[in-house]
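Have a look at structure-v6.csv below; it lists CSV, C-alpha atoms and all ligand atoms.
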chain,number,residue,atom,x,y,z
A,268,MET,CA,-18.9,-8.6,20.6
A,269,LYS,CA,-17.8,-10.6,17.6
A,270,HIS,CA,-15.5,-8.7,15.4
A,271,PHE,CA,-14.3,-11.4,13.1
A,272,GLU,CA,-16.2,-13.9,10.9
A,273,LYS,CA,-15.1,-17.4,9.9
A,274,PRO,CA,-14.8,-17.3,6.1
A,275,GLY,CA,-17.7,-19.1,4.3
A,276,ALA,CA,-17.0,-21.9,1.9
A,277,ASP,CA,-17.5,-19.5,-1.1
A,278,VAL,CA,-14.6,-17.2,0.0
A,279,ALA,CA,-12.5,-19.6,2.1
A,280,ASP,CA,-10.0,-20.1,-0.8
A,281,ARG,CA,-9.4,-16.4,-0.9
A,282,VAL,CA,-8.5,-16.0,2.7
A,283,PRO,CA,-4.8,-16.7,3.3
A,284,PRO,CA,-3.7,-19.1,6.2
A,285,GLY,CA,-4.0,-17.6,9.7
A,286,GLN,CA,-6.3,-14.8,8.5
A,287,HIS,CA,-10.0,-14.0,9.5
A,288,LEU,CA,-12.5,-11.8,7.7
A,289,ALA,CA,-12.9,-8.4,9.4
A,290,LYS,CA,-16.3,-6.8,9.9
A,291,GLY,CA,-16.2,-3.3,8.4
A,292,PHE,CA,-12.8,-1.8,7.4
A,293,PRO,CA,-10.5,-1.6,10.4
A,294,VAL,CA,-7.9,1.3,10.6
A,295,LEU,CA,-4.4,0.2,11.3
A,296,THR,CA,-2.0,3.2,11.8
A,297,TYR,CA,1.3,3.5,13.7
A,298,GLY,CA,1.2,7.0,15.3
A,299,GLU,CA,-0.8,10.1,14.3
A,300,THR,CA,-3.0,10.5,11.2
A,301,PRO,CA,-1.4,13.2,9.1
A,302,LYS,CA,-3.9,15.8,7.8
A,303,VAL,CA,-2.9,16.8,4.2
A,304,ASP,CA,-4.9,19.1,1.9
A,305,LYS,CA,-5.0,18.2,-1.7
A,306,ALA,CA,-3.9,21.7,-2.5
A,307,ASP,CA,-0.6,21.1,-0.6
A,308,TRP,CA,-0.2,17.5,-1.5
A,309,GLN,CA,2.8,16.4,-3.6
A,310,LEU,CA,4.4,13.1,-4.7
A,311,THR,CA,8.1,13.3,-5.2
A,312,ILE,CA,10.0,10.9,-7.5
A,313,SER,CA,13.7,10.6,-6.3
A,314,GLY,CA,16.7,8.3,-6.4
A,315,LEU,CA,17.4,6.4,-9.6
A,316,ALA,CA,14.8,8.2,-11.7
A,317,ALA,CA,14.5,11.6,-13.3
A,318,PRO,CA,13.4,13.8,-10.4
A,319,LYS,CA,9.8,14.9,-10.7
A,320,THR,CA,7.1,16.2,-8.4
A,321,PHE,CA,3.4,15.4,-9.0
A,322,THR,CA,0.8,17.9,-7.8
A,323,TRP,CA,-2.8,16.7,-7.2
A,324,ASP,CA,-3.8,18.1,-10.7
A,325,ASP,CA,-0.9,16.2,-12.2
A,326,LEU,CA,-2.2,13.0,-10.6
A,327,MET,CA,-5.7,13.5,-11.7
A,328,ALA,CA,-4.5,14.1,-15.3
A,329,LEU,CA,-3.2,10.5,-15.4
A,330,PRO,CA,-5.6,7.7,-16.5
A,331,GLN,CA,-8.1,6.9,-13.8
A,332,SER,CA,-9.2,3.3,-13.1
A,333,HIS,CA,-11.5,1.3,-10.8
A,334,PHE,CA,-10.2,-1.6,-8.7
A,335,THR,CA,-11.6,-4.4,-6.6
A,336,ALA,CA,-8.9,-5.9,-4.4
A,337,ASP,CA,-8.5,-8.1,-1.3
A,338,PHE,CA,-6.7,-6.6,1.7
A,339,HIS,CA,-4.7,-8.6,4.2
A,340,CYS,CA,-3.3,-7.1,7.5
A,341,VAL,CA,-0.5,-9.1,9.1
A,342,THR,CA,-2.3,-8.7,12.5
A,343,THR,CA,-4.6,-11.5,11.0
A,344,TRP,CA,-7.6,-9.6,9.6
A,345,SER,CA,-8.5,-9.6,5.9
A,346,LYS,CA,-11.2,-7.7,3.9
A,347,LEU,CA,-12.2,-9.1,0.5
A,348,ASP,CA,-13.4,-7.1,-2.5
A,349,VAL,CA,-12.4,-3.6,-1.3
A,350,ASN,CA,-13.5,-1.1,-4.0
A,351,TRP,CA,-11.2,1.7,-4.9
A,352,THR,CA,-10.6,4.3,-7.6
A,353,GLY,CA,-7.2,5.7,-8.6
A,354,VAL,CA,-4.2,5.4,-10.8
A,355,LYS,CA,-2.5,2.2,-11.9
A,356,VAL,CA,1.2,2.0,-10.9
A,357,SER,CA,1.9,1.1,-14.5
A,358,ASP,CA,0.3,4.3,-15.7
A,359,LEU,CA,2.4,6.4,-13.3
A,360,LEU,CA,5.5,4.5,-14.3
A,361,ALA,CA,4.8,5.4,-17.9
A,362,ALA,CA,4.8,9.1,-16.9
A,363,ILE,CA,8.2,9.0,-15.2
A,364,GLU,CA,11.7,7.9,-16.2
A,365,VAL,CA,13.1,5.2,-14.0
A,366,ASP,CA,16.8,4.2,-14.4
A,367,PRO,CA,17.0,0.6,-15.5
A,368,LYS,CA,19.4,0.0,-12.7
A,369,ALA,CA,16.6,0.5,-10.1
A,370,SER,CA,15.8,-2.8,-8.5
A,371,HIS,CA,13.9,-1.6,-5.4
A,372,VAL,CA,11.7,1.3,-4.3
A,373,MET,CA,11.1,2.9,-0.9
A,374,GLU,CA,7.6,4.3,-0.3
A,375,HIS,CA,7.7,7.6,1.7
A,376,CYS,CA,4.8,9.1,3.6
A,377,TYR,CA,3.6,12.2,5.3
A,378,GLY,CA,4.3,11.4,9.0
A,379,GLY,CA,7.5,9.6,8.2
A,380,TYR,CA,6.3,6.0,7.6
A,381,THR,CA,8.3,4.1,5.1
A,382,THR,CA,8.0,0.6,3.5
A,383,ASN,CA,10.1,-1.2,0.9
A,384,LEU,CA,9.3,-3.2,-2.2
A,385,SER,CA,11.3,-4.8,-5.0
A,386,MET,CA,10.7,-3.3,-8.4
A,387,GLU,CA,9.1,-6.6,-9.4
A,388,ASP,CA,6.6,-6.4,-6.5
A,389,PHE,CA,6.0,-2.6,-7.1
A,390,ALA,CA,5.5,-2.7,-10.9
A,391,ARG,CA,2.8,-5.4,-10.9
A,392,GLU,CA,-0.2,-4.7,-13.2
A,393,GLU,CA,-2.7,-5.0,-10.4
A,394,ASN,CA,-1.1,-2.4,-8.1
A,395,PHE,CA,-2.5,1.1,-7.8
A,396,PHE,CA,-2.5,4.5,-6.1
A,397,ALA,CA,-5.9,5.1,-4.5
A,398,HIS,CA,-7.7,8.4,-3.8
A,399,THR,CA,-11.3,7.1,-3.6
A,400,LEU,CA,-12.8,4.3,-1.4
A,401,TYR,CA,-16.3,3.0,-2.2
A,402,GLY,CA,-17.0,6.1,-4.3
A,403,GLU,CA,-16.0,8.6,-1.6
A,404,PRO,CA,-12.8,10.6,-1.2
A,405,LEU,CA,-10.3,8.3,0.6
A,406,PRO,CA,-10.8,9.2,4.3
A,407,PRO,CA,-7.7,10.5,6.2
A,408,GLU,CA,-7.6,7.5,8.5
A,409,HIS,CA,-7.4,5.2,5.5
A,410,GLY,CA,-4.6,7.2,3.9
A,411,GLY,CA,-6.2,10.1,2.1
A,412,PRO,CA,-5.4,12.0,0.0
A,413,LEU,CA,-3.4,9.2,-1.6
A,414,ARG,CA,-2.2,5.7,-0.7
A,415,LEU,CA,-0.6,2.9,-2.5
A,416,VAL,CA,-2.4,-0.5,-2.7
A,417,VAL,CA,-0.3,-3.6,-3.3
A,418,PRO,CA,-2.9,-6.4,-3.1
A,419,HIS,CA,-0.6,-9.4,-3.3
A,420,LEU,CA,1.4,-8.5,-0.2
A,421,TYR,CA,0.4,-7.8,3.5
A,422,ALA,CA,-1.1,-4.4,3.8
A,423,TRP,CA,1.7,-2.8,5.7
A,424,LYS,CA,3.2,-2.4,2.1
A,425,SER,CA,0.2,-0.3,1.1
A,426,ALA,CA,1.5,3.0,2.4
A,427,LYS,CA,-1.0,5.6,3.5
A,428,TRP,CA,-0.4,9.4,2.9
A,429,LEU,CA,2.1,8.5,0.2
A,430,ASN,CA,4.3,11.5,-0.7
A,431,GLY,CA,7.4,9.9,-2.2
A,432,LEU,CA,8.8,7.1,-4.3
A,433,GLU,CA,12.6,6.6,-4.0
A,434,PHE,CA,14.1,4.3,-6.5
A,435,LEU,CA,17.1,2.3,-5.3
A,436,ASP,CA,19.7,-0.2,-6.7
A,437,GLU,CA,19.6,-2.3,-3.5
A,438,MET,CA,17.1,-3.3,-0.8
A,439,LYS,CA,16.8,-0.9,2.0
A,440,LEU,CA,14.3,-1.6,4.9
A,441,GLY,CA,11.3,0.5,5.7
A,442,PHE,CA,9.8,1.1,9.1
A,443,TRP,CA,8.2,-2.2,10.0
A,444,GLU,CA,10.8,-4.2,8.1
A,445,ARG,CA,13.5,-2.7,10.4
A,446,ASN,CA,11.3,-3.6,13.3
A,447,GLY,CA,11.0,-7.3,12.7
A,448,TYR,CA,8.5,-7.6,9.9
A,449,HIS,CA,9.4,-9.8,6.9
A,450,HIS,CA,11.2,-8.0,4.0
A,451,ARG,CA,8.6,-9.1,1.4
A,452,GLY,CA,5.4,-10.0,3.2
A,453,GLU,CA,3.6,-12.5,1.0
A,454,PRO,CA,0.4,-13.6,2.8
A,455,TRP,CA,-0.1,-17.0,1.2
A,456,ALA,CA,3.4,-17.9,2.3
A,457,GLU,CA,2.7,-16.3,5.8
A,458,GLU,CA,5.8,-14.1,5.4
A,459,ARG,CA,4.9,-12.2,8.6
A,460,TYR,CA,8.1,-11.7,10.6
A,461,SER,CA,11.8,-11.9,9.9
A,462,LEU,CA,13.8,-14.5,11.7
A,463,ARG,CA,17.0,-13.0,13.0
A,501,LIG,N1,1.8,5.8,6.4
A,501,LIG,C1,1.3,4.6,6.9
A,501,LIG,N2,0.9,3.7,6.1
A,501,LIG,C2,0.4,2.5,6.5
A,501,LIG,C3,0.4,2.2,7.9
A,501,LIG,C4,0.9,3.3,8.8
A,501,LIG,O1,0.9,3.1,10.0
A,501,LIG,N3,1.3,4.4,8.2
A,501,LIG,N4,-0.1,1.0,8.4
A,501,LIG,C5,0.0,-0.1,7.4
A,501,LIG,C6,-0.7,-1.3,7.9
A,501,LIG,S1,0.1,-2.2,9.1
A,501,LIG,C7,-1.9,-1.7,7.4
A,501,LIG,S2,-2.7,-3.1,7.8
A,501,LIG,C8,-2.6,-0.8,6.4
A,501,LIG,C9,-4.0,-0.5,7.1
A,501,LIG,O2,-4.7,0.3,6.2
A,501,LIG,P1,-6.2,0.8,6.8
A,501,LIG,O3,-5.9,1.6,8.0
A,501,LIG,O4,-6.7,1.7,5.6
A,501,LIG,O5,-7.0,-0.4,7.1
A,501,LIG,O6,-2.0,0.4,6.2
A,501,LIG,C10,-0.6,0.3,6.1
A,501,LIG,N5,0.0,1.6,5.7
A,502,MO,MO,-1.2,-4.2,9.2

Can you turn what I pasted into structure tokens?
Amino acid sequence: MKHFEKPGADVADRVPPGQHLAKGFPVLTYGETPKVDKADWQLTISGLAAPKTFTWDDLMALPQSHFTADFHCVTTWSKLDVNWTGVKVSDLLAAIEVDPKASHVMEHCYGGYTTNLSMEDFAREENFFAHTLYGEPLPPEHGGPLRLVVPHLYAWKSAKWLNGLEFLDEMKLGFWERNGYHHRGEPWAEERYSLR
């Protein structure tokens, strides 16, 4: 069985060092897959921001956009040109009030997973919240109802089953970052693991 392809010359310059192209779209989850109904789903804004809770209808009332983005898992598989629909991070940021003192954000998830970002890495124009994958509702195993996608960092930063954004004035570490992964995770610099 051959699960990975060597990148062809046309895409080789889009595959970061040490990565291979995956066939299909692998699922990478630590623990159980939470099952969350859209009717019960909420996204809570907390920490250094005006507290706010988004329901599914609130989320769908924000501008909706289509995205094509590459996806790089630190376990060495990549998938190019994944096709998503959802809400730009910048469009959600325009709908909330973040304290200017906020320098970092913690992503919180149904099931308890967390992962951290600097504000700079979070607020990038190409980042988005995804509810649709290749035109179909985002399957639970890929993070449905809603996940974040941060294309420029390893995909452990792209939290599935997202249910909270906590704004912070210092870096706190999320689940994998506390367990040896790099604090930032930039694939072109191979920021895979933290040296300690
Ligand atoms: N809540 C949650 N989000 C998560 C994970 C997880 O275990 N739980 N795994 C991360 C990792 S390591 C990767 S590579 C991607 C995988 O996304 P996929 O399963 O849709 O391929 O999700 C990330 N987001
Ligand atoms: Mo991953």

Exercise. Could you list, as a PyMOL selection string, all the residues within 6 Å of ligand MO 502 (chain A), counting only C-alpha atoms and all ligand atoms?
Worked result: chain A and resi 295+340-342+422-423

Seminar exercise, completed: Closest of A:Glu403, A:Glu408, A:Asp388, A:Asp325 to ligand LIG 501 (chain A), counting only C-alpha atoms and all ligand atoms, is A:Glu408

For this session: Could the residues that lie within 7 Å of ligand LIG 501 (chain A), counting all atoms listed in the file, be listed as JSON, numbers by chain?
Result: {"A": [292, 293, 294, 295, 296, 297, 298, 339, 340, 341, 376, 377, 378, 380, 381, 408, 409, 410, 422, 423, 424, 425, 426, 427, 428, 429]}

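Nearest-residue note for Lys319 in chain A: choosing from A:Leu384, A:Leu432, A:Leu288, A:Leu400, the minimum distance belongs to A:Leu432, counting all atoms listed in the file.
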
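Nearest residue to Glu457 in chain A, choosing from A:His419, A:Arg445, A:Lys302, A:His333 and counting all atoms listed in the file: A:His419.
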
Rebuild range 396-426 of chain A so that it carries N, CA and C atoms, then output the result as an mmCIF file, in the coordinates of the input.
data_model
loop_
_atom_site.group_PDB
_atom_site.id
_atom_site.type_symbol
_atom_site.label_atom_id
_atom_site.label_comp_id
_atom_site.auth_asym_id
_atom_site.auth_seq_id
_atom_site.Cartn_x
_atom_site.Cartn_y
_atom_site.Cartn_z
ATOM 1 N N PHE A 396 -2.439 3.400 -7.039
ATOM 2 C CA PHE A 396 -2.500 4.500 -6.100
ATOM 3 C C PHE A 396 -3.983 4.861 -5.951
ATOM 4 N N ALA A 397 -4.487 4.879 -4.710
ATOM 5 C CA ALA A 397 -5.900 5.100 -4.500
ATOM 6 C C ALA A 397 -6.214 6.424 -3.877
ATOM 7 N N HIS A 398 -7.219 7.120 -4.438
ATOM 8 C CA HIS A 398 -7.700 8.400 -3.800
ATOM 9 C C HIS A 398 -9.180 8.320 -3.494
ATOM 10 N N THR A 399 -9.841 7.188 -3.831
ATOM 11 C CA THR A 399 -11.300 7.100 -3.600
ATOM 12 C C THR A 399 -11.567 5.667 -3.089
ATOM 13 N N LEU A 400 -12.432 5.591 -2.065
ATOM 14 C CA LEU A 400 -12.800 4.300 -1.400
ATOM 15 C C LEU A 400 -14.327 4.219 -1.451
ATOM 16 N N TYR A 401 -14.863 3.202 -2.098
ATOM 17 C CA TYR A 401 -16.300 3.000 -2.200
ATOM 18 C C TYR A 401 -16.980 4.332 -2.727
ATOM 19 N N GLY A 402 -16.374 4.969 -3.707
ATOM 20 C CA GLY A 402 -17.000 6.100 -4.300
ATOM 21 C C GLY A 402 -16.833 7.449 -3.572
ATOM 22 N N GLU A 403 -16.205 7.412 -2.394
ATOM 23 C CA GLU A 403 -16.000 8.600 -1.600
ATOM 24 C C GLU A 403 -14.520 8.939 -1.528
ATOM 25 N N PRO A 404 -14.181 10.252 -1.369
ATOM 26 C CA PRO A 404 -12.800 10.600 -1.200
ATOM 27 C C PRO A 404 -12.142 9.742 -0.097
ATOM 28 N N LEU A 405 -10.965 9.207 -0.337
ATOM 29 C CA LEU A 405 -10.300 8.300 0.600
ATOM 30 C C LEU A 405 -10.177 9.057 1.973
ATOM 31 N N PRO A 406 -10.819 8.535 3.048
ATOM 32 C CA PRO A 406 -10.800 9.200 4.300
ATOM 33 C C PRO A 406 -9.353 9.302 4.874
ATOM 34 N N PRO A 407 -9.019 10.374 5.624
ATOM 35 C CA PRO A 407 -7.700 10.500 6.200
ATOM 36 C C PRO A 407 -7.186 9.268 6.901
ATOM 37 N N GLU A 408 -8.062 8.644 7.684
ATOM 38 C CA GLU A 408 -7.600 7.500 8.500
ATOM 39 C C GLU A 408 -7.229 6.303 7.605
ATOM 40 N N HIS A 409 -7.770 6.251 6.383
ATOM 41 C CA HIS A 409 -7.400 5.200 5.500
ATOM 42 C C HIS A 409 -6.321 5.604 4.460
ATOM 43 N N GLY A 410 -5.746 6.807 4.684
ATOM 44 C CA GLY A 410 -4.600 7.200 3.900
ATOM 45 C C GLY A 410 -4.763 8.338 2.934
ATOM 46 N N GLY A 411 -5.932 8.982 2.964
ATOM 47 C CA GLY A 411 -6.200 10.100 2.100
ATOM 48 C C GLY A 411 -5.293 11.277 2.363
ATOM 49 N N PRO A 412 -4.907 12.053 1.350
ATOM 50 C CA PRO A 412 -5.400 12.000 0.000
ATOM 51 C C PRO A 412 -5.052 10.812 -0.865
ATOM 52 N N LEU A 413 -3.849 10.240 -0.692
ATOM 53 C CA LEU A 413 -3.400 9.200 -1.600
ATOM 54 C C LEU A 413 -2.652 8.091 -0.872
ATOM 55 N N ARG A 414 -2.990 6.828 -1.185
ATOM 56 C CA ARG A 414 -2.200 5.700 -0.700
ATOM 57 C C ARG A 414 -1.856 4.795 -1.825
ATOM 58 N N LEU A 415 -0.851 3.968 -1.605
ATOM 59 C CA LEU A 415 -0.600 2.900 -2.500
ATOM 60 C C LEU A 415 -1.356 1.659 -2.072
ATOM 61 N N VAL A 416 -1.778 0.808 -2.995
ATOM 62 C CA VAL A 416 -2.400 -0.500 -2.700
ATOM 63 C C VAL A 416 -1.626 -1.576 -3.448
ATOM 64 N N VAL A 417 -1.060 -2.521 -2.676
ATOM 65 C CA VAL A 417 -0.300 -3.600 -3.300
ATOM 66 C C VAL A 417 -1.024 -4.923 -2.804
ATOM 67 N N PRO A 418 -2.046 -5.356 -3.565
ATOM 68 C CA PRO A 418 -2.900 -6.400 -3.100
ATOM 69 C C PRO A 418 -2.244 -7.750 -2.780
ATOM 70 N N HIS A 419 -1.156 -8.078 -3.470
ATOM 71 C CA HIS A 419 -0.600 -9.400 -3.300
ATOM 72 C C HIS A 419 0.348 -9.527 -2.101
ATOM 73 N N LEU A 420 0.583 -8.430 -1.382
ATOM 74 C CA LEU A 420 1.400 -8.500 -0.200
ATOM 75 C C LEU A 420 0.622 -7.999 1.028
ATOM 76 N N TYR A 421 1.088 -8.320 2.259
ATOM 77 C CA TYR A 421 0.400 -7.800 3.500
ATOM 78 C C TYR A 421 0.312 -6.294 3.378
ATOM 79 N N ALA A 422 -0.755 -5.792 4.005
ATOM 80 C CA ALA A 422 -1.100 -4.400 3.800
ATOM 81 C C ALA A 422 -0.200 -3.366 4.398
ATOM 82 N N TRP A 423 0.796 -3.808 5.204
ATOM 83 C CA TRP A 423 1.700 -2.800 5.700
ATOM 84 C C TRP A 423 2.549 -2.224 4.491
ATOM 85 N N LYS A 424 2.555 -2.938 3.352
ATOM 86 C CA LYS A 424 3.200 -2.400 2.100
ATOM 87 C C LYS A 424 2.391 -1.400 1.411
ATOM 88 N N SER A 425 1.116 -1.277 1.787
ATOM 89 C CA SER A 425 0.200 -0.300 1.100
ATOM 90 C C SER A 425 0.210 0.978 1.880
ATOM 91 N N ALA A 426 1.242 1.786 1.600
ATOM 92 C CA ALA A 426 1.500 3.000 2.400
ATOM 93 C C ALA A 426 0.402 4.024 2.261
#
